[in-house]
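Colleague: Just input24.cif, nothing more (mmCIF, C-alpha atoms):
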data_start
#
loop_
_atom_site.label_atom_id
_atom_site.label_comp_id
_atom_site.auth_asym_id
_atom_site.auth_seq_id
_atom_site.Cartn_x
_atom_site.Cartn_y
_atom_site.Cartn_z
CA MET H 639 -7.58 -21.25 -14.79
CA THR H 640 -7.98 -17.63 -13.82
CA LYS H 641 -10.26 -16.80 -10.92
CA GLN H 642 -11.19 -13.45 -9.40
CA ASN H 643 -9.60 -14.40 -6.08
CA THR H 644 -6.36 -15.47 -7.82
CA LEU H 645 -6.16 -12.10 -9.53
CA ARG H 646 -6.77 -10.44 -6.18
CA GLU H 647 -3.98 -12.50 -4.65
CA ILE H 648 -1.63 -11.47 -7.44
CA GLU H 649 -2.56 -7.83 -7.01
CA LYS H 650 -2.11 -8.07 -3.25
CA LYS H 651 1.28 -9.78 -3.62
CA ALA H 652 2.42 -7.10 -6.05
CA TYR H 653 1.24 -4.35 -3.72
CA MET H 654 2.78 -5.97 -0.63
CA SER H 655 6.15 -6.47 -2.33
CA TYR H 656 6.24 -2.74 -2.97
CA HIS H 657 5.56 -1.85 0.65
CA GLN H 658 7.67 -4.39 2.49
CA ASP H 659 10.63 -2.00 2.54
CA GLY H 660 9.55 -0.48 5.89
CA LEU H 661 9.77 3.08 4.60
CA ILE H 662 6.12 3.91 5.32
CA ASP H 663 6.64 2.63 8.88
CA ILE H 664 9.58 4.99 9.32
CA VAL H 665 7.45 7.91 8.10
CA ILE H 666 4.61 7.03 10.50
CA GLY H 667 7.10 6.62 13.35
CA VAL H 668 8.74 9.95 12.63
CA TYR H 669 5.33 11.60 12.61
CA ALA H 670 4.46 10.11 16.01
CA LEU H 671 7.90 10.98 17.39
CA SER H 672 7.62 14.57 16.21
CA PHE H 673 4.23 14.87 17.85
CA GLY H 674 5.63 13.55 21.13
CA LEU H 675 8.68 15.83 20.90
CA GLY H 676 6.41 18.78 20.26
CA ILE H 677 4.37 18.07 23.39
CA ALA H 678 7.55 17.58 25.45
CA MET H 679 8.89 20.90 24.17
CA ASP H 680 5.57 22.52 25.09
CA ARG H 681 6.15 21.47 28.69
CA ILE H 682 9.76 22.69 28.73
CA TRP H 683 9.49 25.98 26.86
CA GLY H 684 5.77 26.68 27.05
CA PHE H 685 5.57 27.24 23.29
CA SER H 686 3.07 25.30 21.17
CA PHE H 687 5.57 23.12 19.37
CA GLY H 688 3.11 20.23 19.50
CA ALA H 689 1.08 21.70 16.68
CA ILE H 690 3.92 22.65 14.33
CA MET H 691 6.57 19.97 14.91
CA PRO H 692 4.68 17.26 12.96
CA ALA H 693 4.09 19.65 10.07
CA ILE H 694 7.77 20.69 9.99
CA LEU H 695 9.13 17.17 10.18
CA ILE H 696 6.67 15.67 7.73
CA SER H 697 7.49 18.35 5.18
CA ILE H 698 11.11 17.18 5.45
CA VAL H 699 10.44 13.45 5.76
CA LEU H 700 7.96 13.00 2.91
CA PRO H 701 10.36 14.13 0.17
CA ILE H 702 13.01 11.91 1.76
CA TRP H 703 10.55 8.99 1.63
CA ILE H 704 9.84 9.58 -2.05
CA HIS H 705 13.57 9.81 -2.76
CA ALA H 706 14.28 6.65 -0.72
CA LYS H 707 11.59 4.78 -2.66
CA ARG H 708 13.34 5.68 -5.92
CA LYS H 709 16.85 4.95 -4.70
CA ILE H 710 16.28 1.89 -2.48
CA THR H 711 13.04 0.14 -3.43
CA MET H 712 12.68 0.64 -7.15
CA PRO H 713 16.22 -0.46 -8.13
CA ARG H 714 15.68 -3.69 -6.20
CA ILE H 715 12.21 -4.78 -7.20
CA GLY H 716 11.47 -2.64 -10.22
CA PHE H 717 8.91 0.00 -10.94
CA VAL H 718 5.16 -0.46 -10.96
CA LYS H 719 2.13 1.80 -11.27
CA PHE H 720 -0.94 0.50 -9.53
CA GLY H 721 -4.42 1.38 -10.71
CA ALA H 722 -6.44 4.23 -9.33
CA ARG H 723 -8.68 1.98 -7.23
CA GLY H 724 -6.29 1.80 -4.27
CA ALA H 725 -5.53 5.51 -4.37
CA ASN H 726 -9.27 6.25 -4.50
CA LYS H 727 -9.90 4.07 -1.46
CA LEU H 728 -7.16 5.85 0.46
CA PHE H 729 -8.46 9.24 -0.59
CA ALA H 730 -11.97 8.27 0.51
CA LEU H 731 -10.61 7.14 3.88
CA LEU H 732 -8.67 10.37 4.41
CA LEU H 733 -11.70 12.41 3.40
CA GLY H 734 -13.95 10.43 5.73
CA LEU H 735 -11.53 10.84 8.63
CA SER H 736 -11.21 14.56 7.96
CA VAL H 737 -14.98 15.03 7.89
CA ALA H 738 -15.42 12.90 11.03
CA GLY H 739 -12.66 14.82 12.79
CA LEU H 740 -14.13 18.15 11.79
CA GLY H 741 -17.60 17.08 12.86
CA PHE H 742 -16.31 15.93 16.21
CA ALA H 743 -14.33 19.16 16.73
CA LEU H 744 -17.38 21.27 15.89
CA ALA H 745 -19.65 19.29 18.21
CA PHE H 746 -17.06 19.46 20.96
CA GLY H 747 -16.61 23.20 20.56
CA PHE H 748 -20.36 23.78 20.40
CA PHE H 749 -21.07 21.92 23.61
CA MET H 750 -18.11 23.51 25.39
CA ALA H 751 -19.24 26.99 24.36
CA THR H 752 -22.93 26.56 25.11
CA GLY H 753 -22.76 24.41 28.25
CA GLN H 754 -24.16 26.92 30.72
CA ASN H 755 -25.31 24.27 33.18
CA GLY H 756 -22.14 22.21 33.09
CA ARG H 757 -20.70 20.06 30.35
CA PRO H 758 -22.63 17.14 28.85
CA VAL H 759 -21.87 13.68 30.20
CA TRP H 760 -20.07 12.54 27.08
CA ILE H 761 -17.64 15.48 27.28
CA GLU H 762 -17.01 14.76 30.94
CA MET H 763 -16.20 11.17 30.02
CA LEU H 764 -13.86 12.37 27.29
CA PHE H 765 -11.90 14.44 29.77
CA GLN H 766 -11.89 11.78 32.43
CA TYR H 767 -10.79 8.92 30.17
CA GLY H 768 -8.97 11.00 27.57
CA MET H 769 -5.92 8.73 27.29
CA ILE H 770 -8.08 5.69 26.68
CA TRP H 771 -10.21 7.43 24.07
CA ILE H 772 -7.12 8.66 22.23
CA GLY H 773 -5.64 5.15 22.28
CA LEU H 774 -8.91 3.69 21.04
CA GLY H 775 -9.16 6.31 18.31
CA ALA H 776 -5.59 5.67 17.18
CA SER H 777 -6.26 1.91 17.14
CA VAL H 778 -9.38 2.35 15.02
CA ILE H 779 -7.61 4.72 12.62
CA GLY H 780 -4.66 2.32 12.39
CA SER H 781 -7.02 -0.53 11.53
CA LEU H 782 -8.82 1.53 8.91
CA PHE H 783 -5.50 2.35 7.23
CA ALA H 784 -4.42 -1.28 7.56
CA TYR H 785 -7.60 -2.44 5.81
CA THR H 786 -7.43 0.22 3.11
CA MET H 787 -3.75 -0.14 2.36
CA GLY H 788 -3.60 -3.90 2.94
CA LEU H 789 -0.73 -3.54 5.42
CA LYS H 790 -1.62 -5.81 8.31
CA ARG H 791 1.20 -4.60 10.51
CA LEU H 792 -0.67 -1.28 10.90
CA HIS H 793 -3.24 -3.21 12.97
CA GLY H 794 -0.36 -4.08 15.30
CA TYR H 795 0.72 -0.47 15.59
CA GLY H 796 -2.84 0.57 16.41
CA LEU H 797 -3.16 -2.12 19.09
CA LEU H 798 0.21 -1.17 20.54
CA THR H 799 -0.96 2.44 20.77
CA LEU H 800 -4.13 1.36 22.56
CA ALA H 801 -2.21 -0.86 24.98
CA LEU H 802 0.28 1.91 25.83
CA PHE H 803 -2.38 4.56 26.29
CA VAL H 804 -4.54 2.34 28.49
CA SER H 805 -1.46 1.47 30.55
CA GLY H 806 -0.55 5.15 30.73
CA TYR H 807 -3.98 6.03 32.05
CA PHE H 808 -3.69 3.61 34.93
CA LEU H 809 -0.01 4.32 35.62
CA SER H 810 -0.42 8.12 35.35
CA ILE H 811 2.57 8.52 33.05
CA PRO H 812 2.80 11.76 30.98
CA PHE H 813 1.17 11.57 27.57
CA GLU H 814 4.20 12.54 25.49
CA TYR H 815 6.24 9.58 26.75
CA PHE H 816 3.79 7.20 25.14
CA VAL H 817 3.78 9.01 21.88
CA LEU H 818 7.60 9.02 21.90
CA ALA H 819 7.62 5.30 22.75
CA ILE H 820 5.17 4.44 19.99
CA GLY H 821 7.10 6.53 17.47
CA SER H 822 10.37 4.85 18.45
CA VAL H 823 8.91 1.34 18.22
CA ILE H 824 7.42 2.00 14.79
CA ILE H 825 10.67 3.53 13.51
CA ALA H 826 12.63 0.55 14.84
CA SER H 827 10.16 -1.82 13.16
CA GLY H 828 10.49 0.09 9.89
CA ALA H 829 14.28 0.04 10.10
CA ALA H 830 14.27 -3.74 10.70
CA LEU H 831 11.99 -4.24 7.70
CA LEU H 832 14.27 -2.05 5.60
CA VAL H 833 17.36 -4.06 6.52
CA ARG H 834 15.53 -7.31 5.76
CA PHE H 835 14.32 -5.90 2.45
CA ILE H 836 17.81 -4.79 1.40
CA ARG H 837 19.20 -8.23 2.23
CA LYS H 838 16.36 -10.06 0.46
CA TYR H 839 16.59 -7.94 -2.68
CA PRO H 840 20.21 -7.10 -3.46
CA LEU H 841 20.79 -4.60 -6.23
CA PRO H 842 20.83 -6.29 -9.65
CA LYS H 843 24.18 -6.21 -11.44
CA GLY H 844 24.60 -3.02 -13.34
CA ALA H 845 22.21 -1.00 -11.18
CA GLN H 846 23.84 1.88 -9.34
CA GLY H 847 21.11 2.96 -7.00
CA ASN H 848 18.85 4.01 -9.86
CA VAL H 849 15.92 2.24 -11.49
CA ALA H 850 17.39 -0.58 -13.55
CA GLN H 851 15.96 -1.74 -16.88
CA MET R 835 -19.00 -31.60 -31.63
CA SER R 836 -19.99 -31.43 -27.98
CA PRO R 837 -20.51 -28.10 -26.23
CA SER R 838 -17.27 -28.57 -24.33
CA ASP R 839 -15.34 -29.19 -27.57
CA ALA R 840 -16.74 -25.96 -29.03
CA GLY R 841 -15.81 -24.06 -25.87
CA ILE R 842 -12.21 -25.19 -25.84
CA GLN R 843 -11.76 -24.12 -29.47
CA ASN R 844 -12.50 -20.52 -28.44
CA ILE R 845 -9.75 -20.37 -25.85
CA ASP R 846 -6.97 -18.02 -26.89
CA ARG R 847 -3.93 -20.30 -27.15
CA LEU R 848 -1.53 -17.39 -27.06
CA ILE R 849 -2.74 -16.47 -23.58
CA HIS R 850 -3.36 -20.07 -22.51
CA GLU R 851 0.34 -20.94 -22.40
CA PRO R 852 1.18 -20.98 -18.64
CA SER R 853 4.04 -18.49 -18.72
CA ARG R 854 2.16 -16.03 -20.92
CA LEU R 855 -0.97 -16.47 -18.80
CA THR R 856 1.09 -15.57 -15.74
CA ILE R 857 2.44 -12.46 -17.50
CA MET R 858 -1.05 -11.40 -18.58
CA MET R 859 -2.44 -11.88 -15.08
CA HIS R 860 0.31 -9.78 -13.53
CA LEU R 861 -0.07 -6.98 -16.05
CA TYR R 862 -3.86 -7.10 -15.76
CA VAL R 863 -3.84 -6.14 -12.08
CA VAL R 864 -1.52 -3.13 -12.44
CA GLU R 865 -1.53 -0.08 -14.66
CA SER R 866 2.03 -0.73 -15.82
CA ALA R 867 5.20 -2.40 -14.59
CA ASP R 868 8.77 -2.58 -15.70
CA PHE R 869 10.66 -5.68 -16.78
CA GLN R 870 12.43 -6.12 -13.45
CA PHE R 871 9.19 -5.95 -11.43
CA LEU R 872 7.53 -8.46 -13.73
CA GLN R 873 10.51 -10.78 -13.50
CA ASN R 874 10.47 -10.55 -9.68
CA GLN R 875 6.77 -11.26 -9.50
CA THR R 876 6.66 -14.11 -12.03
CA GLY R 877 9.98 -15.73 -11.10
CA MET R 878 10.83 -16.23 -14.77
CA THR R 879 14.32 -15.96 -16.18
CA PRO R 880 15.07 -12.80 -18.20
CA GLY R 881 15.40 -14.72 -21.46
CA ASN R 882 12.15 -16.60 -20.96
CA LEU R 883 10.27 -13.46 -19.98
CA SER R 884 11.63 -11.53 -22.96
CA SER R 885 10.64 -14.29 -25.35
CA HIS R 886 7.04 -14.46 -24.12
CA LEU R 887 6.71 -10.67 -23.96
CA ARG R 888 7.80 -10.45 -27.58
CA LYS R 889 5.04 -12.85 -28.61
CA LEU R 890 2.46 -10.90 -26.66
CA GLU R 891 3.74 -7.64 -28.10
CA ASP R 892 3.58 -9.05 -31.63
CA ALA R 893 -0.04 -10.01 -31.01
CA GLY R 894 -0.78 -6.47 -29.86
CA TYR R 895 -1.61 -7.51 -26.30
CA VAL R 896 1.30 -5.81 -24.57
CA GLU R 897 2.74 -2.39 -25.18
CA VAL R 898 6.43 -1.87 -24.53
CA THR R 899 7.54 1.69 -23.94
CA LYS R 900 11.10 2.83 -23.45
CA GLU R 901 11.24 5.88 -21.23
CA PHE R 902 13.47 7.66 -18.79
CA LEU R 903 12.99 7.66 -15.03
CA ASP R 904 15.43 9.84 -13.10
CA ARG R 905 17.58 10.00 -16.23
CA THR R 906 17.83 6.20 -16.32
CA PRO R 907 16.45 4.16 -19.25
CA HIS R 908 13.47 2.14 -18.23
CA THR R 909 11.12 -0.25 -20.05
CA ALA R 910 7.47 0.07 -19.11
CA LEU R 911 5.10 -2.78 -19.91
CA LYS R 912 1.34 -2.53 -19.96
CA LEU R 913 -1.59 -4.35 -21.45
CA THR R 914 -3.11 -2.67 -24.46
CA ARG R 915 -6.86 -2.28 -24.69
CA LYS R 916 -6.84 -5.23 -27.08
CA GLY R 917 -4.82 -7.21 -24.54
CA ARG R 918 -7.24 -6.44 -21.70
CA GLU R 919 -10.24 -7.37 -23.81
CA ALA R 920 -8.52 -10.55 -24.96
CA PHE R 921 -7.76 -11.49 -21.37
CA LYS R 922 -11.36 -10.86 -20.28
CA GLU R 923 -12.58 -12.94 -23.21
CA TYR R 924 -10.14 -15.69 -22.27
CA ARG R 925 -11.47 -15.74 -18.70
CA ARG R 926 -15.06 -15.94 -19.93
CA ASN R 927 -14.28 -18.78 -22.33
CA VAL R 928 -12.35 -20.80 -19.75
CA LYS R 929 -15.13 -20.33 -17.22
CA GLN R 930 -17.77 -21.41 -19.75
CA PHE R 931 -15.73 -24.43 -20.69
CA ILE R 932 -15.21 -25.46 -17.06
CA ASP R 933 -18.88 -24.89 -16.21
CA LYS R 934 -19.99 -27.19 -19.05
CA LEU R 935 -17.76 -30.06 -18.00
CA PRO R 936 -19.72 -32.97 -16.53
CA GLU R 937 -19.36 -33.73 -12.80
#
Re-express the file's structure as structure tokens.
Modeller:
Amino acid sequence: MTKQNTLREIEKKAYMSYHQDGLIDIVIGVYALSFGLGIAMDRIWGFSFGAIMPAILISIVLPIWIHAKRKITMPRIGFVKFGARGANKLFALLLGLSVAGLGFALAFGFFMATGQNGRPVWIEMLFQYGMIWIGLGASVIGSLFAYTMGLKRLHGYGLLTLALFVSGYFLSIPFEYFVLAIGSVIIASGAALLVRFIRKYPLPKGAQGNVAQ
Amino acid sequence: MSPSDAGIQNIDRLIHEPSRLTIMMHLYVVESADFQFLQNQTGMTPGNLSSHLRKLEDAGYVEVTKEFLDRTPHTALKLTRKGREAFKEYRRNVKQFIDKLPE
């Protein structure tokens, strides 16, 4: 007998099988690594690499991800088009985060520019506990993406980020080292998933790295 | 004829067969999928899957499209509008039948 929750389970299983290749993890890890490298290069050369490194690397990595999906994932498990519902949820999340980020930046800039009698308490707390707030923010964002995309391991990445940033605050370790560590861990996790995926789904006979019939 | 007898007569027997029901469920939750993906998800053998797909295609429930993806031939499978409506009707009828069964 068909039930709504059985259909949801089937949809979830189909979606999960498509994203168990670890490729999205590698992309996220590269993004974090590039951010950390940018900050490290800022310190060494005094040039704002931190802002442009992620953009440069992502513009290279994203096409590679799409190509890898076609050459590695699709020949092994086939090709599927999911409905628009998941894409809409993701778009809504990205839009919400963008609006929230913009709102926060505007409020921050406003209070910084107009604080003639010293900064408000909440801004002082942001500066004082910056590492912890960044870790908390990353953890929340990771959980939101995990919920939206149905990839539970993103919760783990968010919690790892929080744990490292909180540790970094108390151990007074430079910020970029944490970002580099997080990026490396996520890339390693993605690579392990990719190896497991390739072993679990060998290429069907007759397929030569392209989508098989 | 009891209400439950009437209900069971309305159940689409083409969809009710377990393998075809599995195929319909998997195609219902996606926009389209190819043969290999469907085979991976359902665990059916290629011959078995082909046979059931042919029956569903003959009934107008499944549309089979041959296309090219990266210059490689590729068979896309999707439920037709008739197939989606038939599946929704099947779900309603099964639910009604189950609900009318005595405790």
Colleague: Just need the residues of chain R within 12 Å of chain H, counting only C-alpha atoms, so spit them out as a ChimeraX atom specification.
Modeller: /R:845,849-852,855-877,880,899-912,921-933
Colleague: As a ChimeraX atom specification, please: the residues near H:Val778 (cut-off 8 Å, only C-alpha atoms, same-chain neighbours under 4 positions excluded).
Modeller: /H:774,782,796
Colleague: Could you check how far atom CA of H:Ile820 sits from atom CA of H:Ser805, in Å to one decimal?
Modeller: 12.8 Å
Colleague: Between atom CA of H:Trp703 and atom CA of H:Lys843, what is the distance in Å, rounded to a tenth?
Modeller: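 Computing the Euclidean distance for atom CA of H:Trp703 and atom CA of H:Lys843 yields 24.2 Å.
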Colleague: Do you have the atom CA of H:Leu661-atom CA of H:Ile702 distance handy?
Modeller: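 The value is 9.8 Å.
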Colleague: If you apply the PyMOL selection byres ((chain H and resi 671-686) around 9) to this file, what residues do you get, as a list in words?
Modeller: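 For this structure, the PyMOL selection byres ((chain H and resi 671-686) around 9) resolves to Ile666, Gly667, Val668, Tyr669, Ala670, Phe687, Gly688, Ala689, Ile690, Met691, Pro692, Ala693, Ile694, Leu695, Ile696, Phe813, Glu814, Tyr815, Phe816, Val817, Leu818, Ala819, Ile820, Gly821, Ser822 and Ile825 of chain H.
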Colleague: So which residues touch H:Leu831 within 10 Å, counting only C-alpha atoms, skipping near sequence neighbours fewer than 4 positions away, as JSON, numbers by chain?
Modeller: {"H": [657, 658, 659, 660, 661, 663, 664, 825, 826, 827, 835, 836, 837]}
Colleague: List the spatial neighbours of stretch 731-741 of chain H as a list in words - criterion: any atom at most 9 Å away, all atoms listed in the file, same-chain residues fewer than 6 positions off excluded.
Modeller: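 So the residues in contact are Ile779, Leu782, Phe783 and Thr786 of chain H.
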Colleague: Measuring atom to atom with all atoms listed in the file, identify which of H:Met654, H:Leu744, H:Gly773, H:Tyr767 is nearest to H:Leu798.
Modeller: H:Gly773
Colleague: H:Ser810, H:Ile772, H:Ala829, H:Thr711: which is nearest H:Leu841, counting all atoms listed in the file?
Modeller: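 For H:Leu841, the nearest of the candidates is H:Thr711.
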Colleague: Might you pull out every residue within 10 Å of R:Gly894, with only C-alpha atoms counted and same-chain residues fewer than 3 positions away left off, and present them as a ChimeraX atom specification?
Modeller: /R:888-891,897,913-917
